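Okay, entry-v1.txt now, which holds compact mmCIF, C-alpha atoms:
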```txt
# COMPACT_ATOMS: atom_id res chain seq x y z
CA MET A 6 114.81 142.57 109.43
CA GLU A 7 117.38 145.26 108.74
CA ALA A 8 117.44 144.30 105.04
CA ALA A 9 113.66 144.68 104.84
CA GLN A 10 113.87 148.15 106.41
CA ASN A 11 116.53 149.15 103.88
CA VAL A 12 114.29 147.99 101.03
CA ARG A 13 111.33 149.97 102.37
CA SER A 14 113.44 153.12 102.83
CA SER A 15 114.89 152.90 99.31
CA ALA A 16 111.50 152.43 97.61
CA PRO A 17 110.39 156.11 97.86
CA ARG A 18 113.83 157.22 96.69
CA ALA A 19 113.63 154.98 93.62
CA ALA A 20 110.14 156.24 92.81
CA LEU A 21 111.34 159.84 93.13
CA VAL A 22 114.24 159.17 90.76
CA ALA A 23 111.94 157.45 88.27
CA TRP A 24 109.35 160.21 88.11
CA GLY A 25 112.09 162.84 88.21
CA GLY A 26 113.41 161.34 84.98
CA ALA A 27 109.97 161.81 83.44
CA VAL A 28 110.01 165.49 84.40
CA VAL A 29 113.47 165.92 82.83
CA TYR A 30 112.19 164.31 79.62
CA VAL A 31 109.20 166.66 79.46
CA LEU A 32 111.53 169.64 79.92
CA VAL A 33 113.77 168.45 77.05
CA VAL A 34 110.74 168.04 74.79
CA GLY A 35 109.65 171.56 75.69
CA LEU A 36 113.07 172.90 74.71
CA LEU A 37 112.93 171.05 71.39
CA ILE A 38 109.52 172.44 70.40
CA GLY A 39 110.07 174.49 67.29
CA GLY A 40 113.24 172.61 66.51
CA VAL A 41 116.85 173.45 67.13
CA PRO A 42 117.82 176.46 64.98
CA TYR A 43 119.69 175.51 61.83
CA ALA A 44 119.65 171.83 62.90
CA ALA A 45 118.72 168.96 60.64
CA GLY A 46 116.06 166.36 61.50
CA PRO A 47 118.53 163.59 62.45
CA LEU A 48 119.96 165.87 65.15
CA LEU A 49 116.49 166.25 66.65
CA GLY A 50 116.10 162.48 66.69
CA ALA A 51 119.48 162.01 68.37
CA VAL A 52 118.73 164.63 71.02
CA LEU A 53 115.32 163.13 71.79
CA LEU A 54 116.79 159.63 71.90
CA LEU A 55 119.40 160.77 74.44
CA ALA A 56 116.60 162.41 76.42
CA VAL A 57 115.05 158.96 76.95
CA THR A 58 117.96 158.05 79.25
CA PRO A 59 116.40 159.70 82.35
CA LEU A 60 113.29 157.61 81.66
CA VAL A 61 115.11 154.29 82.18
CA PRO A 62 114.23 154.02 85.92
CA LEU A 63 110.58 154.72 85.11
CA LEU A 64 110.71 152.29 82.19
CA ARG A 65 111.24 149.39 84.62
CA ARG A 66 108.31 150.48 86.80
CA ARG A 67 105.80 151.92 84.33
CA PRO A 68 106.76 150.96 80.75
CA LEU A 69 103.40 151.95 79.24
CA VAL A 70 103.69 155.43 80.79
CA VAL A 71 107.15 155.80 79.22
CA LEU A 72 105.74 154.66 75.87
CA VAL A 73 103.02 157.31 75.99
CA LEU A 74 105.56 160.00 76.96
CA THR A 75 107.93 159.09 74.12
CA LEU A 76 105.10 158.94 71.59
CA LEU A 77 103.71 162.34 72.58
CA GLY A 78 107.20 163.84 72.68
CA ALA A 79 108.00 162.50 69.21
CA VAL A 80 104.71 163.77 67.75
CA ILE A 81 105.16 167.25 69.27
CA VAL A 82 108.82 167.61 68.27
CA ALA A 83 108.24 166.29 64.73
CA GLY A 84 105.19 168.52 64.27
CA CYS A 85 106.93 171.66 65.52
CA SER A 86 110.22 171.06 63.74
CA ARG A 87 111.36 173.67 61.23
CA ASP A 88 113.03 170.93 59.22
CA HIS A 89 110.55 169.25 56.86
CA SER A 90 112.89 166.53 55.60
CA PRO A 91 112.05 162.84 56.23
CA GLY A 92 114.84 162.81 58.83
CA ARG A 93 112.59 164.53 61.36
CA PHE A 94 110.68 161.26 61.81
CA LEU A 95 113.71 159.73 63.51
CA VAL A 96 112.27 161.14 66.72
CA PHE A 97 109.90 158.13 66.73
CA LEU A 98 112.89 155.82 67.16
CA ALA A 99 112.70 156.34 70.93
CA SER A 100 109.10 155.08 71.14
CA ASP A 101 109.98 152.16 68.85
CA LEU A 102 112.77 151.08 71.19
CA VAL A 103 110.43 151.33 74.19
CA LEU A 104 107.94 149.15 72.29
CA GLY A 105 110.65 146.53 71.71
CA TYR A 106 111.50 146.55 75.41
CA ILE A 107 107.85 146.01 76.38
CA VAL A 108 107.41 143.17 73.89
CA ALA A 109 110.58 141.47 75.14
CA THR A 110 110.07 141.77 78.88
CA ARG A 111 106.40 142.35 79.70
CA PRO A 112 103.35 140.05 79.62
CA ARG A 113 101.69 139.47 76.27
CA ARG A 114 98.67 141.60 77.17
CA ALA A 115 100.87 144.62 77.89
CA ALA A 116 102.79 143.98 74.66
CA VAL A 117 99.57 143.94 72.62
CA VAL A 118 98.38 147.17 74.26
CA ALA A 119 101.74 148.82 73.52
CA LEU A 120 101.71 147.69 69.89
CA VAL A 121 98.16 148.95 69.31
CA THR A 122 99.03 152.27 70.96
CA VAL A 123 102.04 152.78 68.70
CA PHE A 124 100.04 151.90 65.58
CA VAL A 125 97.22 154.25 66.56
CA VAL A 126 99.52 157.18 67.35
CA GLU A 127 102.72 156.87 65.30
CA LEU A 128 101.47 155.79 61.88
CA PRO A 129 98.69 158.44 61.65
CA ALA A 130 101.15 161.10 62.88
CA VAL A 131 103.66 160.15 60.20
CA GLY A 132 100.91 160.29 57.58
CA LEU A 133 99.62 163.69 58.69
CA LEU A 134 103.09 165.23 58.95
CA SER A 135 104.31 163.92 55.57
CA VAL A 136 104.59 166.35 52.66
CA GLY A 137 103.28 165.01 49.37
CA PRO A 138 102.34 161.46 48.33
CA TYR A 139 105.94 160.35 47.72
CA ASP A 140 106.97 161.50 51.19
CA LEU A 141 103.93 159.75 52.64
CA MET A 142 104.71 156.44 50.93
CA SER A 143 108.41 156.43 51.75
CA THR A 144 108.13 157.59 55.37
CA GLY A 145 105.07 155.41 56.01
CA LEU A 146 106.84 152.33 54.66
CA ILE A 147 109.97 153.07 56.69
CA ALA A 148 107.89 153.57 59.86
CA LEU A 149 106.00 150.32 59.25
CA LEU A 150 109.22 148.37 58.61
CA SER A 151 110.81 149.89 61.70
CA LEU A 152 107.86 148.84 63.86
CA GLY A 153 107.93 145.34 62.39
CA ALA A 154 111.67 144.96 62.96
CA VAL A 155 111.45 146.20 66.56
CA HIS A 156 108.45 143.96 67.29
CA MET A 157 110.13 140.85 65.82
CA THR A 158 113.34 141.56 67.74
CA GLY A 159 111.37 141.90 70.96
CA LEU A 160 109.56 138.62 70.26
CA ARG A 161 112.89 136.91 69.64
CA PHE A 162 114.27 138.12 72.96
CA ARG A 163 111.04 137.07 74.69
CA GLU A 164 111.21 133.56 73.22
CA ARG A 165 114.85 133.23 74.22
CA ARG A 166 114.10 134.40 77.76
CA GLU A 167 111.12 132.02 78.10
CA HIS A 168 113.17 129.16 76.70
CA THR A 169 115.97 129.89 79.17
CA ALA A 170 113.48 130.00 82.05
CA GLU A 171 111.95 126.72 80.88
CA LEU A 172 115.36 125.06 80.73
CA ARG A 173 116.23 126.38 84.18
CA THR A 174 112.95 125.06 85.59
CA LYS A 175 113.57 121.70 83.97
CA GLN A 176 117.10 121.54 85.37
CA VAL A 177 115.86 122.39 88.86
CA SER A 178 113.14 119.73 88.60
CA GLU A 179 115.65 117.12 87.43
CA ALA A 180 118.04 118.08 90.23
CA VAL A 181 115.26 117.78 92.82
CA THR A 182 114.24 114.39 91.43
CA ALA A 183 117.83 113.14 91.42
CA GLU A 184 118.29 114.33 95.00
CA ARG A 185 115.08 112.62 96.09
CA LEU A 186 116.23 109.37 94.48
CA ARG A 187 119.63 109.69 96.14
CA ILE A 188 118.04 110.22 99.56
CA ALA A 189 115.66 107.30 98.93
CA ARG A 190 118.60 105.04 98.05
CA GLU A 191 120.56 106.10 101.12
CA LEU A 192 117.62 105.58 103.47
CA HIS A 193 116.72 102.24 101.90
CA ASP A 194 120.25 100.90 101.98
CA MET A 195 120.76 102.15 105.53
CA VAL A 196 117.46 101.01 107.03
CA ALA A 197 116.67 97.83 105.08
CA HIS A 198 119.75 95.95 106.28
CA SER A 199 119.33 97.00 109.90
CA VAL A 200 115.60 96.29 109.99
CA GLY A 201 116.19 92.87 108.46
CA VAL A 202 118.77 92.04 111.12
CA ILE A 203 116.51 93.37 113.87
CA ALA A 204 113.56 91.31 112.62
CA ILE A 205 115.59 88.11 112.56
CA GLN A 206 117.11 88.73 116.00
CA ALA A 207 113.70 89.57 117.42
CA GLY A 208 112.32 86.31 116.04
CA VAL A 209 115.20 84.34 117.53
CA GLY A 210 114.81 86.05 120.88
CA SER A 211 111.05 85.42 121.04
CA ARG A 212 111.53 81.70 120.33
CA VAL A 213 114.26 81.06 122.88
CA ILE A 214 113.37 83.53 125.63
CA ASP A 215 111.89 80.80 127.84
CA THR A 216 114.34 77.99 127.11
CA GLN A 217 117.61 79.84 126.38
CA PRO A 218 117.71 83.16 128.24
CA ALA A 219 121.36 83.71 127.32
CA GLU A 220 120.55 83.50 123.59
CA ALA A 221 117.62 85.85 124.08
CA ARG A 222 119.84 88.36 125.85
CA ALA A 223 122.40 88.12 123.04
CA ALA A 224 119.64 88.76 120.50
CA LEU A 225 118.45 91.79 122.44
CA ARG A 226 121.99 93.16 122.62
CA ALA A 227 122.34 92.72 118.86
CA ILE A 228 119.02 94.52 118.36
CA GLU A 229 120.17 97.36 120.61
CA ALA A 230 123.52 97.75 118.84
CA THR A 231 121.94 97.64 115.37
CA SER A 232 119.26 100.12 116.38
CA ARG A 233 121.82 102.56 117.76
CA GLU A 234 123.93 102.29 114.62
CA THR A 235 120.90 102.87 112.40
CA LEU A 236 119.76 105.81 114.51
CA SER A 237 123.22 107.36 114.25
CA GLY A 238 123.20 106.93 110.47
CA LEU A 239 119.75 108.48 110.19
CA ARG A 240 120.86 111.40 112.34
CA ARG A 241 123.87 112.00 110.08
CA THR A 242 121.62 111.90 107.01
CA LEU A 243 119.12 114.36 108.48
CA VAL A 244 121.88 116.71 109.59
CA ALA A 245 123.38 116.61 106.10
CA LEU A 246 119.99 117.49 104.63
CA ARG A 247 119.75 120.50 106.92
CA GLN A 248 123.09 121.90 105.81
CA ALA A 249 121.26 123.91 103.16
CA GLN A 250 119.79 126.05 105.99
CA PRO A 251 122.83 127.34 107.90
CA ASP A 252 120.99 130.04 109.84
CA GLY A 253 118.58 129.79 112.74
CA PRO A 254 117.88 126.93 115.13
CA GLU A 255 118.38 124.28 112.48
CA GLY A 256 121.82 125.63 111.69
CA GLN A 257 122.68 125.58 115.39
CA GLU A 258 121.55 121.96 115.61
CA ARG A 259 123.73 121.18 112.61
CA GLU A 260 126.76 122.63 114.36
CA GLN A 261 126.08 120.74 117.59
CA ALA A 262 125.26 117.36 116.04
CA PRO A 263 128.28 115.13 115.34
CA LEU A 264 128.92 114.48 111.68
CA GLY A 265 130.52 111.09 111.14
CA PRO A 266 132.17 110.11 107.87
CA ALA A 267 130.16 108.26 105.25
CA PRO A 268 130.63 104.48 105.40
CA GLY A 269 132.98 102.74 103.02
CA LEU A 270 134.72 99.44 102.41
CA ALA A 271 136.82 100.06 105.52
CA ASP A 272 133.61 99.47 107.52
CA LEU A 273 132.97 96.11 105.90
CA ASP A 274 134.06 94.19 109.02
CA GLY A 275 131.25 95.73 111.06
CA LEU A 276 128.75 94.91 108.32
CA VAL A 277 129.99 91.33 108.23
CA ALA A 278 129.66 91.05 112.01
CA THR A 279 126.10 92.37 111.91
CA THR A 280 125.21 89.93 109.16
CA ALA A 281 126.74 87.09 111.18
CA ASP A 282 124.55 88.05 114.12
CA ALA A 283 121.59 87.61 111.77
CA GLY A 284 122.67 84.05 111.04
CA VAL A 285 124.62 84.43 107.79
CA LEU A 286 128.39 83.94 107.77
CA VAL A 287 130.18 86.09 105.22
CA ASP A 288 133.45 85.11 103.56
CA VAL A 289 135.18 88.31 102.42
CA ARG A 290 137.88 88.04 99.78
CA TRP A 291 140.10 90.88 98.60
CA GLU A 292 141.72 90.72 95.19
CA GLY A 293 144.31 93.06 93.76
CA ARG A 294 146.22 95.78 95.49
CA ARG A 295 143.99 97.67 97.90
CA SER A 296 144.09 101.42 97.29
CA GLN A 297 142.40 104.60 98.37
CA LEU A 298 139.09 105.10 96.58
CA PRO A 299 137.17 108.28 95.74
CA PRO A 300 134.43 108.84 98.35
CA GLU A 301 131.53 108.28 95.95
CA ILE A 302 132.93 104.96 94.72
CA ASP A 303 133.81 103.83 98.24
CA LEU A 304 130.29 104.61 99.50
CA SER A 305 128.59 103.00 96.50
CA ALA A 306 130.62 99.80 96.85
CA TYR A 307 129.75 99.58 100.54
CA ARG A 308 126.04 100.17 99.85
CA ILE A 309 125.99 97.53 97.13
CA VAL A 310 127.51 94.95 99.47
CA GLN A 311 125.13 96.03 102.25
CA GLU A 312 122.03 95.66 100.10
CA ALA A 313 123.20 92.35 98.63
CA LEU A 314 123.79 90.96 102.14
CA THR A 315 120.37 92.24 103.19
CA ASN A 316 118.81 90.23 100.39
CA VAL A 317 120.78 87.16 101.44
CA VAL A 318 119.59 87.49 105.05
CA ARG A 319 115.97 88.10 104.12
CA HIS A 320 115.44 85.93 101.06
CA ALA A 321 118.22 83.44 100.31
CA GLY A 322 117.52 80.94 103.10
CA THR A 323 121.19 80.06 103.47
CA GLY A 324 123.72 80.33 106.25
CA HIS A 325 126.69 81.67 104.36
CA CYS A 326 127.72 83.73 101.31
CA ARG A 327 130.86 85.11 99.70
CA VAL A 328 131.84 88.73 99.03
CA THR A 329 134.70 89.45 96.64
CA ILE A 330 136.20 92.92 96.25
CA GLY A 331 138.57 93.27 93.31
CA TYR A 332 140.90 96.24 92.86
CA GLY A 333 141.83 96.61 89.23
CA GLU A 334 143.78 99.29 87.41
CA GLN A 335 140.68 100.75 85.75
CA GLU A 336 137.73 99.56 87.84
CA LEU A 337 136.63 98.24 91.20
CA THR A 338 134.61 95.01 91.07
CA VAL A 339 132.14 93.85 93.70
CA GLU A 340 130.64 90.36 93.72
CA VAL A 341 128.25 88.85 96.28
CA VAL A 342 127.40 85.17 95.77
CA ASP A 343 125.24 82.80 97.82
CA ASP A 344 123.98 79.23 97.36
CA GLY A 345 120.44 79.88 98.54
CA ARG A 346 117.07 79.78 96.80
CA GLY A 347 118.07 81.87 93.80
CA MET A 348 115.70 84.75 92.97
CA PRO A 349 114.99 86.61 96.21
CA GLY A 350 111.38 86.15 97.18
CA GLY A 351 109.51 89.42 97.15
CA SER A 352 112.08 91.30 95.12
CA GLY A 353 109.89 91.17 92.09
CA SER A 354 107.11 92.99 93.92
CA THR A 355 109.12 96.03 94.89
CA GLY A 356 112.63 95.71 93.51
CA PHE A 357 113.85 98.74 95.47
CA GLY A 358 117.08 97.06 96.55
CA ILE A 359 118.24 95.86 93.14
CA THR A 360 116.91 99.01 91.50
CA GLY A 361 118.88 101.14 93.95
CA MET A 362 122.07 99.18 93.30
CA ARG A 363 121.60 99.50 89.56
CA GLU A 364 121.03 103.26 89.87
CA ARG A 365 124.17 103.70 91.95
CA VAL A 366 126.28 101.88 89.38
CA SER A 367 124.63 103.73 86.49
CA LEU A 368 125.41 107.11 88.04
CA LEU A 369 129.08 106.10 88.14
CA HIS A 370 128.93 104.82 84.52
CA GLY A 371 129.67 101.26 85.61
CA ARG A 372 128.24 97.81 84.87
CA PHE A 373 125.76 95.91 87.01
CA SER A 374 124.08 92.52 86.89
CA ALA A 375 121.99 90.56 89.39
CA GLY A 376 120.27 87.22 88.91
CA PRO A 377 120.15 83.51 89.77
CA ARG A 378 123.26 81.40 89.28
CA GLY A 379 123.30 78.42 86.99
CA GLY A 380 124.19 76.00 89.78
CA GLY A 381 121.80 77.53 92.28
CA GLY A 382 121.93 80.61 94.43
CA PHE A 383 122.09 84.26 93.49
CA ARG A 384 124.86 86.54 92.25
CA VAL A 385 125.23 90.32 92.37
CA GLU A 386 128.05 91.82 90.31
CA ALA A 387 129.10 95.45 89.90
CA ALA A 388 132.04 97.10 88.18
CA LEU A 389 132.78 100.72 89.09
CA PRO A 390 135.22 102.65 86.88
CA LEU A 391 138.13 104.24 88.73
CA PRO A 392 139.46 107.69 87.82
CA VAL A 393 143.03 107.94 86.65
CA THR A 394 144.05 109.84 89.80
CA ALA A 395 142.72 107.08 92.08
CA GLY A 396 144.95 104.35 93.35
CA PHE A 397 147.32 105.41 96.12
CA PRO A 398 148.69 102.32 97.85
CA ASP A 399 147.79 101.92 101.50
CA GLY A 400 151.37 102.39 102.50
CA GLN A 401 151.52 105.82 100.76
CA ARG A 402 148.35 107.35 102.24
```
When written as structure tokens, how does the structure in this file appear?
Amino acid sequence: MEAAQNVRSSAPRAALVAWGGAVVYVLVVGLLIGGVPYAAGPLLGAVLLLAVTPLVPLLRRRPLVVLVLTLLGAVIVAGCSRDHSPGRFLVFLASDLVLGYIVATRPRRAAVVALVTVFVVELPAVGLLSVGPYDLMSTGLIALLSLGAVHMTGLRFRERREHTAELRTKQVSEAVTAERLRIARELHDMVAHSVGVIAIQAGVGSRVIDTQPAEARAALRAIEATSRETLSGLRRTLVALRQAQPDGPEGQEREQAPLGPAPGLADLDGLVATTADAGVLVDVRWEGRRSQLPPEIDLSAYRIVQEALTNVVRHAGTGHCRVTIGYGEQELTVEVVDDGRGMPGGSGSTGFGITGMRERVSLLHGRFSAGPRGGGGFRVEAALPLPVTAGFPDGQR
């Protein structure tokens, strides 16, 4: 609110400065009428060019007005100059520079109007003020070349500015798309596993609620625990998305809401327990020397295992699977193997799970494969490159 009031209060001041510069320019032109005594034409051009400086604030607000002022000033000063050498036409350099500015920064319609105005005023003035045919040809050619050079330079700056804006727009669009895909992967990996477990537990509970109340209660407790965990993860994700708006009520909610750490391989035991509740026993094997991982690799490895176990629970039709985590010197390997039906049923229709895993690995410049095993079942393999700085032993953390 205060910033808006400051902007409104500074607007009249800026307008006053801009139009004040125009008045100063008119006064300088009036002083130059008749020429500076004993001064050559180039000096007149330099003085008039320096007189354009007060017009800079107005140039940003009303460039066509500045162009008209510089054209009229150049015509008057050149026509009233006591020096009849070709150097007196340097006074038109100011209007040429204003034309280049308009071509470079203003819409094409304004640029065309400015170019036509300069051609209609400057070239006839140069022709009328020239002395003799040789003077007319030389000064006319110089004026035409000067206009062409200024116009081409302005076009070059315009093209560069438009190209830069186009690249910036493209980068923003790609960043938004990448962020949307990242959020989609996170939500899918977070929700798909939990919903699969909840669906299986709900089915078990509905079948045994009359005959085995204890089993039904256990299923309901598993559903409650999984739901709470999923809700907590969703809350963390939503709070993280709101971090871009630190002010206002949303920012206050962000400060009050607890922010838990992102899951990683250290949380694998809880994932295994949840999968066991869904009816699939998981054999976890660790190979190599366990070390501290960068957060993005730790999260991606966890999500890959989570999605692979979700596919086992939903599609494999088996009661157990094996997860192998290998810590190498240059990469972290993740393998999830089951002896179920092979290709997960329904994965070909959507493919979000496998696609998400492949995207995660691709973003980390790793290798990924997923497909049926030769002897039956399904295998998911991923290799995630480790940075050189990674690899602090657990005992040295």
Set the distance at 8 Å and use all atoms listed in the file: which residues neighbour Leu76 (chain A) once local chain neighbours fewer than 6 positions away are removed? I'd like the list as a PyMOL selection string. chain A and resi 97+100+123+126-127
Suppose we keep C-alpha atoms; can you now write the selection as an mmCIF file, in the frame of the given file?
```
data_model
loop_
_atom_site.group_PDB
_atom_site.id
_atom_site.type_symbol
_atom_site.label_atom_id
_atom_site.label_comp_id
_atom_site.auth_asym_id
_atom_site.auth_seq_id
_atom_site.Cartn_x
_atom_site.Cartn_y
_atom_site.Cartn_z
ATOM 1 C CA PHE A 97 109.900 158.130 66.730
ATOM 2 C CA SER A 100 109.100 155.080 71.140
ATOM 3 C CA VAL A 123 102.040 152.780 68.700
ATOM 4 C CA VAL A 126 99.520 157.180 67.350
ATOM 5 C CA GLU A 127 102.720 156.870 65.300
#
```
Which one of A:Leu369, A:Ala267, A:Cys85, A:Leu104 sits closest to Val73 (chain A) if you count only C-alpha atoms?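 Nearest candidate to Val73 (chain A) out of A:Leu369, A:Ala267, A:Cys85, A:Leu104: A:Leu104.
Of note, CA of Arg113 (chain A) and CA of Pro62 (chain A) are spaced 21.5 Å apart.
Across A:Leu172, A:Val202, A:Leu389, A:Leu77, the tightest approach to Asp282 (chain A) is made by A:Val202 when counting all atoms listed in the file.
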Grab the CA of Leu239 (chain A) to CA of Ala207 (chain A) distance for me, in Å with one decimal place.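 Result for CA of Leu239 (chain A) versus CA of Ala207 (chain A): 21.1 Å, one decimal.
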CA of Thr231 (chain A) to CA of Leu298 (chain A): how many Å, to one decimal? 26.5 Å
Which residue out of A:Ala375, A:Val108, A:Val96, A:Ala230 has the minimum interatomic distance to Ala278 (chain A) when all atoms listed in the file are used?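 Going through A:Ala375, A:Val108, A:Val96, A:Ala230 one by one, the smallest distance to Ala278 (chain A) is for A:Ala230.
With all atoms listed in the file as the atoms that count, the minimum distance from Val200 (chain A) to the choices A:Thr315, A:Ser237, A:Thr182, A:Ser151 is reached by A:Thr315.
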Identify, on the basis of only C-alpha atoms, every residue whose closest approach to Ile205 (chain A) does not exceed 9 Å; exclude the query and any residue fewer than 5 positions from it along the same chain; express the result as a ChimeraX atom specification. /A:200,210,224,283-284,318-319
If we count only C-alpha atoms and set the cut-off at 9 Å, which residues sit around Glu336 (chain A), ignoring sequence neighbours fewer than 4 positions away in its own chain? Please answer as a list of chain:residue names. A:Gly331, A:Tyr332, A:Gly371, A:Ala388, A:Leu389, A:Pro390, A:Leu391, A:Pro392
For Val80 (chain A), the nearest of the candidates A:Gly105, A:Pro68, A:Gly132, A:Gly322, counting only C-alpha atoms: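 For Val80 (chain A), the nearest of the candidates is A:Gly132.
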Tell me, as a count of residues only, which residues lie within 12 Å of region 158-170 of chain A, counting all atoms listed in the file; anything in the same chain fewer than 6 positions away does not count. 20
Which one is closest to Leu337 (chain A): A:Leu270, A:Val209, A:Gly379, A:Thr279? Count only C-alpha atoms. A:Leu270
Which neighbours of Asp344 (chain A) fall inside 8 Å, counting all atoms listed in the file, when residues of the same chain fewer than 6 positions from it are skipped, and could you give them as a PyMOL selection string? chain A and resi 321+323+325-326+381-383
Distance cut-off 12 Å, centre (133.1, 97.7, 107.6) in file coordinates, counting only C-alpha atoms: which residues qualify? Return them as a VMD selection string. chain A and resid 267 to 280 289 303 to 304 306 to 308 310 to 311
